[in-house]
$ cat upload-v2.cif   # mmCIF, C-alpha atoms
data_query
#
loop_
_atom_site.group_PDB
_atom_site.id
_atom_site.type_symbol
_atom_site.label_atom_id
_atom_site.label_comp_id
_atom_site.auth_asym_id
_atom_site.auth_seq_id
_atom_site.Cartn_x
_atom_site.Cartn_y
_atom_site.Cartn_z
ATOM 1 C CA MET A 1 79.898 123.557 -24.524
ATOM 2 C CA SER A 2 81.052 121.204 -27.263
ATOM 3 C CA VAL A 3 82.988 122.606 -30.219
ATOM 4 C CA THR A 4 82.069 119.684 -32.459
ATOM 5 C CA PRO A 5 79.058 121.363 -34.139
ATOM 6 C CA ARG A 6 81.207 124.342 -35.135
ATOM 7 C CA LEU A 7 84.008 122.091 -36.361
ATOM 8 C CA ASN A 8 81.487 120.091 -38.389
ATOM 9 C CA ARG A 9 80.540 123.316 -40.189
ATOM 10 C CA MET A 10 84.182 124.275 -40.704
ATOM 11 C CA PHE A 11 85.682 121.104 -42.163
ATOM 12 C CA SER A 12 84.626 119.072 -45.190
ATOM 13 C CA ARG A 13 83.851 115.361 -44.930
ATOM 14 C CA GLN A 14 87.473 114.742 -45.906
ATOM 15 C CA GLY A 15 88.636 116.716 -42.859
ATOM 16 C CA LYS A 16 89.922 119.645 -44.920
ATOM 17 C CA CYS A 17 89.042 123.329 -44.727
ATOM 18 C CA PHE A 18 89.251 125.762 -47.628
ATOM 19 C CA ASP A 19 88.911 129.262 -46.155
ATOM 20 C CA VAL A 20 88.655 132.266 -48.483
ATOM 21 C CA ALA A 21 89.828 135.462 -46.781
ATOM 22 C CA ILE A 22 88.197 138.662 -48.019
ATOM 23 C CA ASP A 23 88.665 140.691 -44.856
ATOM 24 C CA HIS A 24 91.316 142.838 -46.578
ATOM 25 C CA GLY A 25 89.608 146.186 -46.057
ATOM 26 C CA PHE A 26 90.234 145.900 -42.334
ATOM 27 C CA PHE A 27 93.938 146.620 -42.808
ATOM 28 C CA ASN A 28 93.779 150.121 -44.332
ATOM 29 C CA GLU A 29 95.833 149.000 -47.339
ATOM 30 C CA PHE A 30 94.088 150.287 -50.466
ATOM 31 C CA SER A 31 96.012 148.006 -52.828
ATOM 32 C CA PHE A 32 94.109 145.027 -51.329
ATOM 33 C CA LEU A 33 90.670 146.310 -52.324
ATOM 34 C CA SER A 34 90.659 145.668 -56.067
ATOM 35 C CA GLY A 35 87.825 143.276 -56.863
ATOM 36 C CA ILE A 36 86.083 143.545 -53.502
ATOM 37 C CA GLU A 37 84.822 147.131 -53.672
ATOM 38 C CA ASN A 38 81.258 145.769 -53.692
ATOM 39 C CA MET A 39 81.516 143.501 -50.666
ATOM 40 C CA LYS A 40 77.966 142.183 -50.908
ATOM 41 C CA GLN A 41 78.600 140.956 -54.462
ATOM 42 C CA ALA A 42 82.079 139.643 -53.590
ATOM 43 C CA ILE A 43 80.637 137.546 -50.754
ATOM 44 C CA ARG A 44 77.840 136.185 -52.958
ATOM 45 C CA THR A 45 80.402 135.228 -55.619
ATOM 46 C CA ILE A 46 82.553 133.420 -53.053
ATOM 47 C CA VAL A 47 79.515 131.650 -51.541
ATOM 48 C CA GLU A 48 78.597 130.354 -55.011
ATOM 49 C CA ALA A 49 82.091 128.811 -55.285
ATOM 50 C CA SER A 50 81.305 126.691 -52.175
ATOM 51 C CA PRO A 51 84.370 127.095 -49.953
ATOM 52 C CA ASP A 52 84.172 125.634 -46.448
ATOM 53 C CA CYS A 53 84.628 129.038 -44.795
ATOM 54 C CA ILE A 54 84.864 132.734 -45.568
ATOM 55 C CA GLN A 55 87.029 135.007 -43.433
ATOM 56 C CA LEU A 56 85.439 138.396 -42.774
ATOM 57 C CA SER A 57 85.562 141.285 -40.320
ATOM 58 C CA THR A 58 82.638 142.033 -37.992
ATOM 59 C CA GLY A 59 81.148 144.644 -40.322
ATOM 60 C CA GLN A 60 81.282 142.288 -43.293
ATOM 61 C CA ALA A 61 80.067 139.198 -41.413
ATOM 62 C CA ARG A 62 76.421 140.218 -41.481
ATOM 63 C CA LEU A 63 76.493 140.134 -45.290
ATOM 64 C CA LEU A 64 77.360 136.438 -45.135
ATOM 65 C CA GLN A 65 75.106 135.541 -42.237
ATOM 66 C CA THR A 66 71.989 136.997 -43.885
ATOM 67 C CA ILE A 67 72.327 134.596 -46.839
ATOM 68 C CA PRO A 68 69.772 131.793 -46.409
ATOM 69 C CA GLY A 69 70.386 128.120 -47.004
ATOM 70 C CA LYS A 70 72.138 125.122 -45.551
ATOM 71 C CA GLN A 71 75.115 125.244 -47.906
ATOM 72 C CA LYS A 72 76.392 128.629 -46.723
ATOM 73 C CA PRO A 73 80.123 128.554 -45.808
ATOM 74 C CA GLY A 74 81.128 128.947 -42.167
ATOM 75 C CA LEU A 75 82.258 132.332 -40.915
ATOM 76 C CA VAL A 76 85.846 132.788 -39.748
ATOM 77 C CA LEU A 77 85.818 136.113 -37.940
ATOM 78 C CA ARG A 78 88.842 138.410 -38.257
ATOM 79 C CA THR A 79 89.304 139.710 -34.721
ATOM 80 C CA ASP A 80 92.178 142.133 -35.116
ATOM 81 C CA ALA A 81 93.385 145.007 -37.231
ATOM 82 C CA ALA A 82 97.089 145.037 -37.965
ATOM 83 C CA ASN A 83 99.504 147.124 -40.003
ATOM 84 C CA ILE A 84 101.788 144.294 -41.124
ATOM 85 C CA TYR A 85 100.346 143.618 -44.590
ATOM 86 C CA GLY A 86 101.524 146.603 -46.647
ATOM 87 C CA SER A 87 104.275 146.473 -49.238
ATOM 88 C CA GLU A 88 106.598 148.174 -46.731
ATOM 89 C CA LEU A 89 106.530 147.514 -43.006
ATOM 90 C CA PRO A 90 106.125 150.627 -40.863
ATOM 91 C CA GLY A 91 108.566 151.398 -38.069
ATOM 92 C CA PHE A 92 105.935 150.597 -35.448
ATOM 93 C CA LEU A 93 104.010 147.323 -35.867
ATOM 94 C CA PHE A 94 100.684 146.700 -34.198
ATOM 95 C CA SER A 95 97.839 144.244 -34.032
ATOM 96 C CA GLU A 96 94.799 145.537 -32.154
ATOM 97 C CA LEU A 97 92.146 143.088 -31.013
ATOM 98 C CA ILE A 98 88.541 144.148 -31.552
ATOM 99 C CA ASP A 99 86.433 144.751 -28.458
ATOM 100 C CA ARG A 100 84.842 141.596 -27.002
ATOM 101 C CA ALA A 101 86.123 139.460 -29.862
ATOM 102 C CA ILE A 102 84.839 136.093 -28.703
ATOM 103 C CA GLU A 103 81.428 137.469 -27.706
ATOM 104 C CA GLN A 104 81.105 138.989 -31.173
ATOM 105 C CA ALA A 105 82.184 135.721 -32.800
ATOM 106 C CA VAL A 106 79.561 133.760 -30.876
ATOM 107 C CA ARG A 107 76.885 136.369 -31.605
ATOM 108 C CA LEU A 108 77.722 136.218 -35.322
ATOM 109 C CA ASP A 109 77.725 132.383 -35.271
ATOM 110 C CA ALA A 110 81.364 132.139 -36.363
ATOM 111 C CA VAL A 111 82.971 128.707 -36.634
ATOM 112 C CA ALA A 112 86.404 130.147 -35.778
ATOM 113 C CA VAL A 113 88.319 133.359 -35.176
ATOM 114 C CA CYS A 114 91.503 134.643 -36.784
ATOM 115 C CA VAL A 115 94.007 136.902 -35.014
ATOM 116 C CA ASN A 116 97.633 137.909 -35.616
ATOM 117 C CA LEU A 117 100.094 137.239 -32.845
ATOM 118 C CA LEU A 118 102.979 139.723 -32.879
#

$ encode --input "upload-v2.cif" --output "structure tokens"
Amino acid sequence: MSVTPRLNRMFSRQGKCFDVAIDHGFFNEFSFLSGIENMKQAIRTIVEASPDCIQLSTGQARLLQTIPGKQKPGLVLRTDAANIYGSELPGFLFSELIDRAIEQAVRLDAVAVCVNLL
């Protein structure tokens, strides 16, 4: 299977990719949620700004993928939950991969996946 069609949806004609990450709720850090409490509206606002991609978790991805039209940004699927983003690092760090990450990404028509490597 060729990756070119997905890459064509991910990068602009100039070969650049502007990815807006609004997958913050996945990290259980409440200070990240200001402004994205209404995820459906937050995604619509970002789509209207025309980035190349939007980074979302699996639960949020459907909100993007149900938006019709050819100009919809590509989905970058967040495939892990980690505890490394808070203002203070905990004593035990983790990054847990979601179940069947790549299968979910393909099913959701993601152009890429994002995962922390600890």

$ atom_distance --input "upload-v2.cif" --atom1 "atom CA of A:Asn8" --atom2 "atom CA of A:Asp99"
27.0 Å

$ closest_residue --input "upload-v2.cif" --among "A:Val115, A:Ile84, A:Met39, A:Leu7" --to "A:Ala61" --atoms "all atoms listed in the file"
A:Met39

$ resolve_selection --input "upload-v2.cif" --expression "the PyMOL selection byres ((chain A and resi 57) around 9)" --output "list in words"
Ile22, Asp23, His24, Gly25, Phe26, Gln55, Leu56, Thr58, Gly59, Gln60, Ala61, Val76, Leu77, Arg78, Thr79 and Asp80 of chain A

$ atom_distance --input "upload-v2.cif" --atom1 "atom CA of A:Phe94" --atom2 "atom CA of A:Ala82"
5.5 Å

$ atom_distance --input "upload-v2.cif" --atom1 "atom CA of A:Cys53" --atom2 "atom CA of A:Asn38"
19.2 Å

$ resolve_selection --input "upload-v2.cif" --expression "the PyMOL selection byres ((chain A and resi 46) around 12)" --output "compact mmCIF listing (two decimals) with C-alpha atoms, in the coordinates of the input"
# COMPACT_ATOMS: atom_id res chain seq x y z
CA PHE A 18 89.25 125.76 -47.63
CA ASP A 19 88.91 129.26 -46.16
CA VAL A 20 88.66 132.27 -48.48
CA ALA A 21 89.83 135.46 -46.78
CA ILE A 22 88.20 138.66 -48.02
CA GLY A 35 87.82 143.28 -56.86
CA ILE A 36 86.08 143.54 -53.50
CA MET A 39 81.52 143.50 -50.67
CA LYS A 40 77.97 142.18 -50.91
CA GLN A 41 78.60 140.96 -54.46
CA ALA A 42 82.08 139.64 -53.59
CA ILE A 43 80.64 137.55 -50.75
CA ARG A 44 77.84 136.18 -52.96
CA THR A 45 80.40 135.23 -55.62
CA VAL A 47 79.52 131.65 -51.54
CA GLU A 48 78.60 130.35 -55.01
CA ALA A 49 82.09 128.81 -55.28
CA SER A 50 81.31 126.69 -52.18
CA PRO A 51 84.37 127.10 -49.95
CA ASP A 52 84.17 125.63 -46.45
CA CYS A 53 84.63 129.04 -44.80
CA ILE A 54 84.86 132.73 -45.57
CA GLN A 55 87.03 135.01 -43.43
CA LEU A 56 85.44 138.40 -42.77
CA LEU A 63 76.49 140.13 -45.29
CA LEU A 64 77.36 136.44 -45.14
CA LYS A 72 76.39 128.63 -46.72
CA PRO A 73 80.12 128.55 -45.81
CA GLY A 74 81.13 128.95 -42.17

$ closest_residue --input "upload-v2.cif" --among "A:Glu103, A:Glu88, A:Glu37, A:Asp109" --to "A:Gln65" --atoms "all atoms listed in the file"
A:Asp109

$ residues_near_point --input "upload-v2.cif" --point "(80.5, 126.3, -39.0)" --cutoff "6 Å" --atoms "only C-alpha atoms" --output "list in words"
Arg6, Arg9, Met10, Gly74 and Val111 of chain A

$ build_atoms --input "upload-v2.cif" --residues "stretch 101-113 of chain A" --atoms "N, CA and C atoms" --output "PDB file, in the frame of the given file"
ATOM      1  N   ALA A 101      85.976 140.262 -28.643  1.00  0.00           N
ATOM      2  CA  ALA A 101      86.123 139.460 -29.862  1.00  0.00           C
ATOM      3  C   ALA A 101      85.348 138.141 -29.815  1.00  0.00           C
ATOM      4  N   ILE A 102      85.489 137.402 -28.765  1.00  0.00           N
ATOM      5  CA  ILE A 102      84.839 136.093 -28.703  1.00  0.00           C
ATOM      6  C   ILE A 102      83.325 136.245 -28.582  1.00  0.00           C
ATOM      7  N   GLU A 103      82.877 137.222 -27.805  1.00  0.00           N
ATOM      8  CA  GLU A 103      81.428 137.469 -27.706  1.00  0.00           C
ATOM      9  C   GLU A 103      80.855 137.821 -29.080  1.00  0.00           C
ATOM     10  N   GLN A 104      81.571 138.632 -29.831  1.00  0.00           N
ATOM     11  CA  GLN A 104      81.105 138.989 -31.173  1.00  0.00           C
ATOM     12  C   GLN A 104      81.093 137.768 -32.083  1.00  0.00           C
ATOM     13  N   ALA A 105      82.117 136.927 -31.970  1.00  0.00           N
ATOM     14  CA  ALA A 105      82.184 135.721 -32.800  1.00  0.00           C
ATOM     15  C   ALA A 105      81.003 134.794 -32.509  1.00  0.00           C
ATOM     16  N   VAL A 106      80.689 134.613 -31.243  1.00  0.00           N
ATOM     17  CA  VAL A 106      79.561 133.760 -30.876  1.00  0.00           C
ATOM     18  C   VAL A 106      78.258 134.380 -31.365  1.00  0.00           C
ATOM     19  N   ARG A 107      78.098 135.673 -31.164  1.00  0.00           N
ATOM     20  CA  ARG A 107      76.885 136.369 -31.605  1.00  0.00           C
ATOM     21  C   ARG A 107      76.692 136.267 -33.124  1.00  0.00           C
ATOM     22  N   LEU A 108      77.784 136.298 -33.864  1.00  0.00           N
ATOM     23  CA  LEU A 108      77.722 136.218 -35.322  1.00  0.00           C
ATOM     24  C   LEU A 108      77.722 134.775 -35.843  1.00  0.00           C
ATOM     25  N   ASP A 109      77.746 133.800 -34.927  1.00  0.00           N
ATOM     26  CA  ASP A 109      77.725 132.383 -35.271  1.00  0.00           C
ATOM     27  C   ASP A 109      78.960 131.969 -36.071  1.00  0.00           C
ATOM     28  N   ALA A 110      80.115 132.493 -35.695  1.00  0.00           N
ATOM     29  CA  ALA A 110      81.364 132.139 -36.363  1.00  0.00           C
ATOM     30  C   ALA A 110      81.786 130.719 -35.988  1.00  0.00           C
ATOM     31  N   VAL A 111      82.437 130.036 -36.921  1.00  0.00           N
ATOM     32  CA  VAL A 111      82.971 128.707 -36.634  1.00  0.00           C
ATOM     33  C   VAL A 111      84.377 128.797 -36.056  1.00  0.00           C
ATOM     34  N   ALA A 112      85.044 129.943 -36.265  1.00  0.00           N
ATOM     35  CA  ALA A 112      86.404 130.147 -35.778  1.00  0.00           C
ATOM     36  C   ALA A 112      86.715 131.632 -35.781  1.00  0.00           C
ATOM     37  N   VAL A 113      87.830 131.992 -35.152  1.00  0.00           N
ATOM     38  CA  VAL A 113      88.319 133.359 -35.176  1.00  0.00           C
ATOM     39  C   VAL A 113      89.745 133.350 -35.718  1.00  0.00           C
TER      40      VAL A 113
END
